[in-house]
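**Q** This is the content of input.cif (mmCIF, C-alpha atoms):
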```cif
data_start
#
loop_
_atom_site.label_atom_id
_atom_site.label_comp_id
_atom_site.auth_asym_id
_atom_site.auth_seq_id
_atom_site.Cartn_x
_atom_site.Cartn_y
_atom_site.Cartn_z
CA MET A 107 -63.51 -42.92 -6.46
CA SER A 108 -60.17 -41.07 -6.65
CA ILE A 109 -59.99 -38.60 -9.51
CA LEU A 110 -56.47 -37.48 -8.55
CA GLN A 111 -53.71 -39.72 -7.22
CA VAL A 112 -50.37 -38.20 -6.24
CA SER A 113 -47.80 -40.90 -5.43
CA ASN A 114 -44.27 -40.54 -3.97
CA LEU A 115 -43.80 -37.18 -5.65
CA LYS A 116 -40.32 -35.71 -5.57
CA LYS A 117 -39.00 -32.51 -7.15
CA ILE A 118 -35.38 -31.34 -7.07
CA TYR A 119 -34.26 -28.04 -8.59
CA SER A 120 -30.68 -27.20 -9.41
CA THR A 121 -29.48 -23.68 -8.70
CA ARG A 122 -28.59 -21.41 -11.59
CA PHE A 123 -25.03 -22.64 -11.97
CA GLY A 124 -25.77 -26.21 -10.87
CA GLY A 125 -23.69 -25.96 -7.69
CA ASN A 126 -26.51 -26.74 -5.28
CA GLN A 127 -29.75 -28.69 -5.38
CA VAL A 128 -32.99 -27.74 -3.66
CA GLU A 129 -35.50 -30.43 -2.76
CA ALA A 130 -38.87 -28.71 -3.17
CA LEU A 131 -40.94 -31.86 -2.72
CA ARG A 132 -40.06 -35.20 -1.15
CA ASP A 133 -42.23 -38.28 -1.12
CA VAL A 134 -45.60 -36.49 -1.34
CA SER A 135 -48.56 -38.86 -1.58
CA PHE A 136 -52.29 -38.17 -1.33
CA SER A 137 -55.49 -38.66 -3.30
CA VAL A 138 -58.52 -36.50 -4.06
CA GLU A 139 -61.91 -38.09 -4.45
CA SER A 140 -64.34 -37.03 -7.15
CA GLY A 141 -66.47 -34.18 -5.79
CA GLU A 142 -64.05 -33.27 -2.97
CA TYR A 143 -63.06 -29.74 -2.02
CA VAL A 144 -59.46 -29.81 -0.77
CA ALA A 145 -57.33 -26.90 0.42
CA VAL A 146 -53.52 -27.05 0.54
CA MET A 147 -51.75 -24.82 3.07
CA GLY A 148 -48.17 -24.18 4.09
CA GLU A 149 -45.65 -21.42 4.64
CA SER A 150 -43.85 -19.76 1.73
CA GLY A 151 -41.22 -22.17 0.45
CA SER A 152 -43.04 -25.23 1.78
CA GLY A 153 -43.52 -26.69 -1.70
CA LYS A 154 -47.23 -26.11 -2.23
CA THR A 155 -46.80 -23.99 -5.39
CA THR A 156 -44.43 -26.57 -6.84
CA LEU A 157 -47.01 -29.23 -6.07
CA LEU A 158 -49.75 -27.25 -7.81
CA ASN A 159 -47.56 -26.69 -10.88
CA ILE A 160 -46.85 -30.40 -11.20
CA ILE A 161 -50.52 -31.33 -10.82
CA ALA A 162 -51.29 -28.71 -13.48
CA ALA A 163 -48.73 -30.36 -15.80
CA LEU A 164 -46.82 -27.06 -15.91
CA ASP A 165 -43.79 -28.79 -14.42
CA ARG A 166 -42.57 -32.37 -14.31
CA PRO A 167 -41.58 -34.26 -11.15
CA THR A 168 -38.10 -35.62 -10.55
CA ALA A 169 -39.74 -38.84 -9.36
CA GLY A 170 -43.20 -40.15 -8.57
CA SER A 171 -46.44 -39.80 -10.47
CA VAL A 172 -49.59 -37.71 -10.82
CA ILE A 173 -52.57 -39.62 -12.18
CA LEU A 174 -55.64 -37.58 -13.13
CA ASP A 175 -58.75 -39.49 -14.13
CA GLY A 176 -56.66 -42.56 -14.89
CA GLN A 177 -53.99 -40.80 -16.96
CA ASP A 178 -50.38 -40.46 -15.81
CA LEU A 179 -49.38 -36.85 -16.48
CA SER A 180 -45.66 -37.51 -16.09
CA ALA A 181 -45.81 -40.11 -18.88
CA MET A 182 -47.53 -37.82 -21.38
CA LYS A 183 -45.69 -36.37 -24.36
CA GLU A 184 -45.14 -32.62 -24.59
CA ASN A 185 -47.49 -32.28 -27.56
CA GLU A 186 -50.28 -34.00 -25.61
CA ILE A 187 -50.05 -31.98 -22.41
CA ALA A 188 -51.57 -28.68 -23.61
CA SER A 189 -54.75 -30.29 -24.95
CA PHE A 190 -55.05 -32.56 -21.90
CA ARG A 191 -54.71 -29.55 -19.58
CA ARG A 192 -57.28 -27.57 -21.55
CA ASP A 193 -59.81 -30.42 -21.60
CA ASN A 194 -59.43 -31.67 -18.03
CA LEU A 195 -58.29 -28.80 -15.82
CA GLY A 196 -59.80 -25.43 -14.94
CA PHE A 197 -57.61 -22.70 -13.45
CA VAL A 198 -58.41 -19.82 -11.11
CA PHE A 199 -55.50 -17.48 -10.35
CA GLN A 200 -54.92 -14.77 -7.77
CA GLU A 201 -54.43 -12.09 -10.44
CA PHE A 202 -57.42 -13.18 -12.58
CA ASN A 203 -55.37 -13.39 -15.84
CA LEU A 204 -58.09 -11.74 -17.94
CA LEU A 205 -57.25 -10.01 -21.22
CA ASP A 206 -58.24 -6.34 -21.14
CA THR A 207 -58.73 -6.24 -24.93
CA PHE A 208 -61.40 -8.97 -24.72
CA SER A 209 -64.86 -8.59 -23.27
CA VAL A 210 -65.71 -10.66 -20.20
CA GLU A 211 -67.69 -13.01 -22.43
CA ASP A 212 -64.78 -13.47 -24.83
CA ASN A 213 -62.39 -14.09 -21.95
CA ILE A 214 -64.67 -16.86 -20.71
CA PHE A 215 -65.00 -18.32 -24.21
CA LEU A 216 -61.24 -18.37 -24.85
CA PRO A 217 -60.48 -21.98 -23.82
CA LEU A 218 -63.44 -23.20 -25.90
CA VAL A 219 -62.27 -21.17 -28.90
CA LEU A 220 -58.84 -22.80 -28.57
CA ALA A 221 -60.57 -26.18 -28.43
CA GLY A 222 -62.42 -25.43 -31.68
CA LYS A 223 -65.96 -25.33 -30.23
CA ASN A 224 -68.72 -23.60 -32.18
CA TYR A 225 -70.45 -20.44 -30.95
CA VAL A 226 -73.82 -22.12 -30.33
CA ASP A 227 -72.21 -24.68 -28.03
CA MET A 228 -70.25 -21.96 -26.24
CA GLN A 229 -73.38 -19.90 -25.63
CA ALA A 230 -75.27 -22.95 -24.35
CA ARG A 231 -72.52 -23.62 -21.83
CA LEU A 232 -72.15 -19.99 -20.77
CA ILE A 233 -75.76 -19.14 -19.94
CA PRO A 234 -76.24 -21.40 -16.87
CA ILE A 235 -72.73 -20.65 -15.58
CA ALA A 236 -73.22 -16.89 -15.89
CA GLN A 237 -76.55 -17.15 -14.08
CA HIS A 238 -75.05 -19.28 -11.30
CA LEU A 239 -72.12 -16.89 -10.82
CA GLU A 240 -74.34 -13.81 -11.17
CA ILE A 241 -72.31 -12.20 -13.98
CA THR A 242 -74.88 -12.12 -16.79
CA GLU A 243 -75.08 -8.31 -16.72
CA ILE A 244 -71.31 -7.81 -17.13
CA LEU A 245 -70.61 -10.22 -20.02
CA LYS A 246 -70.31 -7.43 -22.61
CA LYS A 247 -68.10 -5.27 -20.40
CA TYR A 248 -64.30 -5.29 -20.37
CA PRO A 249 -62.15 -6.34 -17.38
CA TYR A 250 -61.07 -2.73 -16.69
CA GLU A 251 -64.75 -1.77 -16.29
CA ILE A 252 -65.59 -4.24 -13.50
CA SER A 253 -64.61 -4.83 -9.87
CA GLY A 254 -62.04 -7.31 -8.55
CA GLY A 255 -64.78 -9.61 -7.29
CA GLN A 256 -66.49 -9.56 -10.68
CA LYS A 257 -63.17 -10.29 -12.39
CA GLN A 258 -62.63 -13.32 -10.19
CA ARG A 259 -66.14 -14.61 -10.87
CA ALA A 260 -65.42 -14.22 -14.60
CA ALA A 261 -62.22 -16.20 -14.07
CA VAL A 262 -64.21 -18.93 -12.28
CA ALA A 263 -66.64 -19.01 -15.21
CA ARG A 264 -63.71 -19.43 -17.61
CA ALA A 265 -62.48 -22.35 -15.49
CA LEU A 266 -65.91 -24.00 -15.39
CA ILE A 267 -66.89 -23.62 -19.03
CA THR A 268 -64.62 -26.43 -20.22
CA GLN A 269 -66.44 -28.80 -17.81
CA PRO A 270 -63.12 -29.81 -16.21
CA LYS A 271 -62.44 -32.91 -14.14
CA LEU A 272 -60.62 -30.74 -11.61
CA ILE A 273 -60.44 -27.02 -10.78
CA LEU A 274 -57.07 -25.81 -9.51
CA ALA A 275 -57.26 -22.54 -7.60
CA ASP A 276 -54.04 -20.66 -6.73
CA GLU A 277 -54.64 -18.13 -3.93
CA PRO A 278 -58.04 -17.23 -5.45
CA THR A 279 -58.93 -14.73 -2.70
CA GLY A 280 -55.49 -13.11 -2.51
CA ALA A 281 -56.39 -9.98 -4.51
CA LEU A 282 -59.91 -9.52 -3.14
CA ASP A 283 -61.34 -7.42 -0.35
CA SER A 284 -63.29 -9.08 2.47
CA ARG A 285 -66.70 -8.71 0.83
CA ALA A 286 -65.55 -10.10 -2.53
CA THR A 287 -63.73 -12.90 -0.66
CA ASP A 288 -66.95 -13.90 1.10
CA GLU A 289 -68.82 -13.92 -2.22
CA LEU A 290 -66.17 -16.01 -3.94
CA LEU A 291 -66.00 -18.56 -1.13
CA ARG A 292 -69.78 -18.88 -1.21
CA LEU A 293 -69.58 -19.54 -4.95
CA PHE A 294 -66.81 -22.12 -4.55
CA ALA A 295 -68.92 -23.95 -1.98
CA SER A 296 -71.92 -23.86 -4.31
CA ILE A 297 -69.84 -25.10 -7.25
CA ASN A 298 -68.46 -27.93 -5.15
CA GLN A 299 -71.94 -28.89 -3.93
CA SER A 300 -72.98 -29.24 -7.58
CA GLY A 301 -70.32 -31.97 -7.93
CA GLN A 302 -67.23 -30.08 -9.11
CA THR A 303 -63.89 -31.25 -7.65
CA VAL A 304 -61.75 -28.38 -6.35
CA LEU A 305 -58.11 -28.26 -5.20
CA MET A 306 -57.12 -24.88 -3.78
CA VAL A 307 -53.72 -23.61 -2.65
CA THR A 308 -54.12 -20.79 -0.14
CA HIS A 309 -52.47 -18.88 2.71
CA SER A 310 -55.90 -17.82 3.95
CA VAL A 311 -57.28 -19.64 6.97
CA LYS A 312 -60.70 -18.24 6.10
CA ALA A 313 -60.57 -19.65 2.56
CA ALA A 314 -59.32 -23.05 3.75
CA SER A 315 -62.06 -23.24 6.38
CA HIS A 316 -64.64 -23.57 3.58
CA ALA A 317 -63.03 -26.75 2.22
CA GLY A 318 -63.94 -30.30 3.14
CA ARG A 319 -60.32 -31.28 3.82
CA VAL A 320 -57.13 -29.34 4.45
CA LEU A 321 -53.64 -30.66 3.64
CA PHE A 322 -50.66 -29.02 5.32
CA ILE A 323 -47.32 -29.02 3.49
CA LYS A 324 -44.08 -28.51 5.42
CA ASP A 325 -40.54 -28.93 4.12
CA GLY A 326 -41.80 -30.54 0.93
CA GLN A 327 -43.96 -33.17 2.63
CA VAL A 328 -47.57 -33.65 3.67
CA PHE A 329 -47.22 -32.89 7.37
CA HIS A 330 -50.82 -33.18 8.52
CA GLN A 331 -54.41 -33.10 7.29
CA LEU A 332 -57.78 -32.12 8.70
CA TYR A 333 -61.20 -33.37 7.67
CA ARG A 334 -64.23 -31.17 8.14
CA GLY A 335 -66.54 -33.91 9.34
CA ALA A 336 -69.43 -32.24 11.14
CA ASP A 337 -67.48 -29.05 11.91
CA THR A 338 -68.82 -25.64 11.02
CA ASP A 339 -66.64 -23.17 9.11
CA GLU A 340 -65.83 -21.49 12.41
CA GLN A 341 -64.80 -24.75 14.11
CA LEU A 342 -62.64 -25.79 11.16
CA TYR A 343 -61.12 -22.28 11.10
CA GLN A 344 -59.94 -22.73 14.70
CA LYS A 345 -58.49 -26.19 13.99
CA ILE A 346 -56.61 -24.83 10.97
CA ALA A 347 -55.25 -21.91 12.99
CA ASP A 348 -54.10 -24.29 15.74
CA THR A 349 -52.40 -26.56 13.20
CA LEU A 350 -50.59 -23.63 11.56
CA THR A 351 -49.34 -22.57 15.00
CA MET A 352 -48.04 -26.11 15.53
CA LEU A 353 -46.28 -25.98 12.14
CA GLN A 354 -44.65 -22.65 12.95
CA THR A 355 -43.48 -23.73 16.39
CA GLY A 356 -42.03 -27.06 15.29
CA GLY A 357 -44.78 -29.40 16.43
CA GLU A 358 -44.59 -33.11 15.76
CA ARG A 359 -45.81 -34.54 12.48
CA ALA A 360 -49.29 -36.10 12.77
#
```
Would you mind writing the file out in structure tokens?

**A**
Amino acid sequence: MSILQVSNLKKIYSTRFGGNQVEALRDVSFSVESGEYVAVMGESGSGKTTLLNIIAALDRPTAGSVILDGQDLSAMKENEIASFRRDNLGFVFQEFNLLDTFSVEDNIFLPLVLAGKNYVDMQARLIPIAQHLEITEILKKYPYEISGGQKQRAAVARALITQPKLILADEPTGALDSRATDELLRLFASINQSGQTVLMVTHSVKAASHAGRVLFIKDGQVFHQLYRGADTDEQLYQKIADTLTMLQTGGERA
């Protein structure tokens, strides 16, 4: 069952003084099944960040539609979007986006506080997530007291605590060292295996090689895609690297 359906998506930006138009996306169509782990790759300027912003309801398409769990985001009113995003989407960013004046626990609770949940419910949700992500011992600390890897796990916990339909991850390993990257990718795989749907935008071949499917965006279009099938992470890594080489050298669209 498709939880996300992107159909004929188009996005055109006008330059500052309206003299020129830039087509960031053109006729992008794909779907994501419930429980899938999909990575989106492409060079800078390929349109993948624009795509993520539209799926996140942070931007509106010029044409086409994004349907999440049966609801058309482009048809929603402005006053409905914030609550829909909070209730249905979880976000993991490259720079963590944690508030230094809040403890780790309070940072994780923030979307539930905004949704008006009571403290007992918040605690009940947090305990299993903190145990799964191995952050129980840092919940009372502040972001400036913990490592980058711990910050990103706290950010993942914040994304998971709303029980979202879809997690959107924007370069989640970009600010991490190799050890923290390995830990985060292991956690993403574990989260996905528990049934959580994940869509990740990344430049990292290593990060993408942990997904079940990889979409490649070029010149605002879906150029190619790879399915894991029975491949190991190492085998998928090589296929991704080969595809990126094809993209960079002007290979034919598959």

**Q** Given all atoms listed in the file as the basis, pick out the residue of A:Asp288, A:Asp276, A:Thr207, A:Lys223 nearest to A:Pro249.

**A**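 Selected residue with least distance to A:Pro249: A:Thr207.
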
**Q** Which residue gives the smallest distance to A:Val210 among A:Ile273, A:Val198, A:Ala261, A:Leu245, with only C-alpha atoms counted?

**A**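 So, comparing all the options, the nearest one is A:Leu245.
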
**Q** Residues at most 7 Å from A:Phe199, counting only C-alpha atoms, excluding those fewer than 2 positions away in the same chain, as a list in words?

**A**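 Residues near the query, excluding close chain neighbours: Phe197, Glu201, Phe202, Asn203, Ala275, Asp276, Glu277 and Pro278 of chain A.
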
**Q** List, as a VMD selection string, every residue that the PyMOL selection byres ((chain A and resi 143) around 8) selects in the file provided.

**A** chain A and resid 141 to 142 144 to 145 298 303 to 306 317 to 319

**Q** Taking the file as I've supplied it (selection: the PyMOL selection byres ((chain A and resi 312) around 10)), which residues are included? Please answer as a ChimeraX atom specification.

**A** /A:279,287-288,291,308-311,313-317,339-340,342-344,346-347

**Q** Taking all atoms listed in the file into account, name the residue in A:Asp178, A:Thr268, A:Glu184, A:Ser137 that is nearest to A:Leu164.

**A**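 Closest candidate: A:Glu184.
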
**Q** Would you mind listing what lies within 12 Å of stretch 211-215 of chain A as a PyMOL selection string, with all atoms listed in the file counted and same-chain residues fewer than 5 positions away left out?

**A** chain A and resi 196-198+202-206+220-233+235-236+241-249+257-268

**Q** Rounded to one decimal in Å, what is the spacing between atom CA of A:Arg334 and atom CA of A:Ala281?

**A** 25.9 Å

**Q** Looking at all atoms listed in the file, which of A:Thr121, A:Leu110, A:Val138, A:Gly170 is the one that sits closest to A:Asn194?

**A**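 Between A:Thr121, A:Leu110, A:Val138, A:Gly170, the residue approaching A:Asn194 most closely is A:Leu110.
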
**Q** A:Met107, A:Leu272, A:Ala188, A:Leu293: which is nearest A:His238, counting only C-alpha atoms?

**A** A:Leu293

**Q** Counting all atoms listed in the file, which of A:Gln177, A:Ser253, A:Ser152, A:Ser209 gets nearest to A:Val307?

**A** A:Ser152

**Q** Using the incomplete input, complete stretch 197-208 of chain A to the level of all heavy atoms; output as a PDB file, keeping the file's coordinate frame.

**A**
```pdb
ATOM      1  N   PHE A 197     -58.543 -23.458 -14.284  1.00  0.00           N
ATOM      2  CA  PHE A 197     -57.610 -22.700 -13.450  1.00  0.00           C
ATOM      3  C   PHE A 197     -58.233 -21.391 -12.977  1.00  0.00           C
ATOM      4  O   PHE A 197     -58.849 -20.671 -13.758  1.00  0.00           O
ATOM      5  CB  PHE A 197     -56.332 -22.378 -14.235  1.00  0.00           C
ATOM      6  CG  PHE A 197     -55.558 -23.598 -14.663  1.00  0.00           C
ATOM      7  CD1 PHE A 197     -55.785 -24.178 -15.897  1.00  0.00           C
ATOM      8  CD2 PHE A 197     -54.626 -24.181 -13.822  1.00  0.00           C
ATOM      9  CE1 PHE A 197     -55.089 -25.304 -16.301  1.00  0.00           C
ATOM     10  CE2 PHE A 197     -53.923 -25.309 -14.210  1.00  0.00           C
ATOM     11  CZ  PHE A 197     -54.148 -25.874 -15.451  1.00  0.00           C
ATOM     12  N   VAL A 198     -58.023 -21.102 -11.687  1.00  0.00           N
ATOM     13  CA  VAL A 198     -58.410 -19.820 -11.110  1.00  0.00           C
ATOM     14  C   VAL A 198     -57.184 -19.259 -10.412  1.00  0.00           C
ATOM     15  O   VAL A 198     -56.633 -19.890  -9.509  1.00  0.00           O
ATOM     16  CB  VAL A 198     -59.578 -19.954 -10.113  1.00  0.00           C
ATOM     17  CG1 VAL A 198     -59.958 -18.583  -9.556  1.00  0.00           C
ATOM     18  CG2 VAL A 198     -60.780 -20.618 -10.769  1.00  0.00           C
ATOM     19  N   PHE A 199     -56.740 -18.069 -10.850  1.00  0.00           N
ATOM     20  CA  PHE A 199     -55.500 -17.480 -10.350  1.00  0.00           C
ATOM     21  C   PHE A 199     -55.780 -16.276  -9.463  1.00  0.00           C
ATOM     22  O   PHE A 199     -56.830 -15.644  -9.555  1.00  0.00           O
ATOM     23  CB  PHE A 199     -54.617 -17.026 -11.518  1.00  0.00           C
ATOM     24  CG  PHE A 199     -54.291 -18.100 -12.515  1.00  0.00           C
ATOM     25  CD1 PHE A 199     -55.032 -18.230 -13.679  1.00  0.00           C
ATOM     26  CD2 PHE A 199     -53.249 -18.978 -12.291  1.00  0.00           C
ATOM     27  CE1 PHE A 199     -54.736 -19.211 -14.612  1.00  0.00           C
ATOM     28  CE2 PHE A 199     -52.938 -19.969 -13.212  1.00  0.00           C
ATOM     29  CZ  PHE A 199     -53.685 -20.094 -14.376  1.00  0.00           C
ATOM     30  N   GLN A 200     -54.791 -15.930  -8.642  1.00  0.00           N
ATOM     31  CA  GLN A 200     -54.920 -14.770  -7.770  1.00  0.00           C
ATOM     32  C   GLN A 200     -55.110 -13.484  -8.560  1.00  0.00           C
ATOM     33  O   GLN A 200     -55.905 -12.622  -8.193  1.00  0.00           O
ATOM     34  CB  GLN A 200     -53.666 -14.654  -6.893  1.00  0.00           C
ATOM     35  CG  GLN A 200     -53.664 -13.440  -5.982  1.00  0.00           C
ATOM     36  CD  GLN A 200     -52.447 -13.399  -5.069  1.00  0.00           C
ATOM     37  OE1 GLN A 200     -51.775 -14.400  -4.866  1.00  0.00           O
ATOM     38  NE2 GLN A 200     -52.163 -12.235  -4.523  1.00  0.00           N
ATOM     39  N   GLU A 201     -54.405 -13.340  -9.673  1.00  0.00           N
ATOM     40  CA  GLU A 201     -54.430 -12.090 -10.440  1.00  0.00           C
ATOM     41  C   GLU A 201     -55.416 -12.127 -11.616  1.00  0.00           C
ATOM     42  O   GLU A 201     -55.308 -11.324 -12.545  1.00  0.00           O
ATOM     43  CB  GLU A 201     -53.020 -11.776 -10.947  1.00  0.00           C
ATOM     44  CG  GLU A 201     -52.005 -11.555  -9.827  1.00  0.00           C
ATOM     45  CD  GLU A 201     -52.363 -10.373  -8.939  1.00  0.00           C
ATOM     46  OE1 GLU A 201     -53.040  -9.449  -9.419  1.00  0.00           O
ATOM     47  OE2 GLU A 201     -51.954 -10.385  -7.762  1.00  0.00           O
ATOM     48  N   PHE A 202     -56.317 -13.087 -11.610  1.00  0.00           N
ATOM     49  CA  PHE A 202     -57.420 -13.180 -12.580  1.00  0.00           C
ATOM     50  C   PHE A 202     -56.988 -13.629 -13.985  1.00  0.00           C
ATOM     51  O   PHE A 202     -57.652 -14.428 -14.613  1.00  0.00           O
ATOM     52  CB  PHE A 202     -58.216 -11.871 -12.698  1.00  0.00           C
ATOM     53  CG  PHE A 202     -58.443 -11.150 -11.404  1.00  0.00           C
ATOM     54  CD1 PHE A 202     -58.136  -9.806 -11.273  1.00  0.00           C
ATOM     55  CD2 PHE A 202     -58.966 -11.814 -10.302  1.00  0.00           C
ATOM     56  CE1 PHE A 202     -58.345  -9.136 -10.070  1.00  0.00           C
ATOM     57  CE2 PHE A 202     -59.184 -11.155  -9.095  1.00  0.00           C
ATOM     58  CZ  PHE A 202     -58.869  -9.814  -8.990  1.00  0.00           C
ATOM     59  N   ASN A 203     -55.883 -13.036 -14.500  1.00  0.00           N
ATOM     60  CA  ASN A 203     -55.370 -13.390 -15.840  1.00  0.00           C
ATOM     61  C   ASN A 203     -56.423 -13.212 -16.939  1.00  0.00           C
ATOM     62  O   ASN A 203     -56.564 -14.057 -17.823  1.00  0.00           O
ATOM     63  CB  ASN A 203     -54.833 -14.823 -15.856  1.00  0.00           C
ATOM     64  CG  ASN A 203     -53.503 -14.943 -15.127  1.00  0.00           C
ATOM     65  OD1 ASN A 203     -53.089 -14.027 -14.419  1.00  0.00           O
ATOM     66  ND2 ASN A 203     -52.840 -16.064 -15.294  1.00  0.00           N
ATOM     67  N   LEU A 204     -57.141 -12.093 -16.881  1.00  0.00           N
ATOM     68  CA  LEU A 204     -58.090 -11.740 -17.940  1.00  0.00           C
ATOM     69  C   LEU A 204     -57.419 -10.796 -18.924  1.00  0.00           C
ATOM     70  O   LEU A 204     -56.577  -9.983 -18.545  1.00  0.00           O
ATOM     71  CB  LEU A 204     -59.337 -11.069 -17.339  1.00  0.00           C
ATOM     72  CG  LEU A 204     -60.150 -11.896 -16.344  1.00  0.00           C
ATOM     73  CD1 LEU A 204     -61.262 -11.039 -15.758  1.00  0.00           C
ATOM     74  CD2 LEU A 204     -60.722 -13.154 -16.988  1.00  0.00           C
ATOM     75  N   LEU A 205     -57.804 -10.882 -20.178  1.00  0.00           N
ATOM     76  CA  LEU A 205     -57.250 -10.010 -21.220  1.00  0.00           C
ATOM     77  C   LEU A 205     -58.107  -8.759 -21.346  1.00  0.00           C
ATOM     78  O   LEU A 205     -59.305  -8.836 -21.627  1.00  0.00           O
ATOM     79  CB  LEU A 205     -57.211 -10.760 -22.559  1.00  0.00           C
ATOM     80  CG  LEU A 205     -56.373 -12.045 -22.575  1.00  0.00           C
ATOM     81  CD1 LEU A 205     -56.534 -12.767 -23.908  1.00  0.00           C
ATOM     82  CD2 LEU A 205     -54.906 -11.737 -22.305  1.00  0.00           C
ATOM     83  N   ASP A 206     -57.495  -7.598 -21.138  1.00  0.00           N
ATOM     84  CA  ASP A 206     -58.240  -6.340 -21.140  1.00  0.00           C
ATOM     85  C   ASP A 206     -58.808  -5.989 -22.518  1.00  0.00           C
ATOM     86  O   ASP A 206     -59.754  -5.198 -22.618  1.00  0.00           O
ATOM     87  CB  ASP A 206     -57.356  -5.184 -20.656  1.00  0.00           C
ATOM     88  CG  ASP A 206     -57.339  -5.072 -19.144  1.00  0.00           C
ATOM     89  OD1 ASP A 206     -58.255  -5.618 -18.492  1.00  0.00           O
ATOM     90  OD2 ASP A 206     -56.409  -4.456 -18.604  1.00  0.00           O
ATOM     91  N   THR A 207     -58.238  -6.536 -23.579  1.00  0.00           N
ATOM     92  CA  THR A 207     -58.730  -6.240 -24.930  1.00  0.00           C
ATOM     93  C   THR A 207     -59.898  -7.129 -25.338  1.00  0.00           C
ATOM     94  O   THR A 207     -60.473  -6.942 -26.408  1.00  0.00           O
ATOM     95  CB  THR A 207     -57.591  -6.390 -25.956  1.00  0.00           C
ATOM     96  OG1 THR A 207     -57.006  -7.691 -25.816  1.00  0.00           O
ATOM     97  CG2 THR A 207     -56.522  -5.328 -25.739  1.00  0.00           C
ATOM     98  N   PHE A 208     -60.254  -8.083 -24.488  1.00  0.00           N
ATOM     99  CA  PHE A 208     -61.400  -8.970 -24.720  1.00  0.00           C
ATOM    100  C   PHE A 208     -62.509  -8.608 -23.753  1.00  0.00           C
ATOM    101  O   PHE A 208     -62.249  -8.228 -22.605  1.00  0.00           O
ATOM    102  CB  PHE A 208     -61.025 -10.433 -24.495  1.00  0.00           C
ATOM    103  CG  PHE A 208     -60.224 -11.074 -25.593  1.00  0.00           C
ATOM    104  CD1 PHE A 208     -59.556 -10.321 -26.547  1.00  0.00           C
ATOM    105  CD2 PHE A 208     -60.125 -12.457 -25.666  1.00  0.00           C
ATOM    106  CE1 PHE A 208     -58.809 -10.916 -27.554  1.00  0.00           C
ATOM    107  CE2 PHE A 208     -59.385 -13.068 -26.668  1.00  0.00           C
ATOM    108  CZ  PHE A 208     -58.723 -12.295 -27.618  1.00  0.00           C
TER     109      PHE A 208
END
```
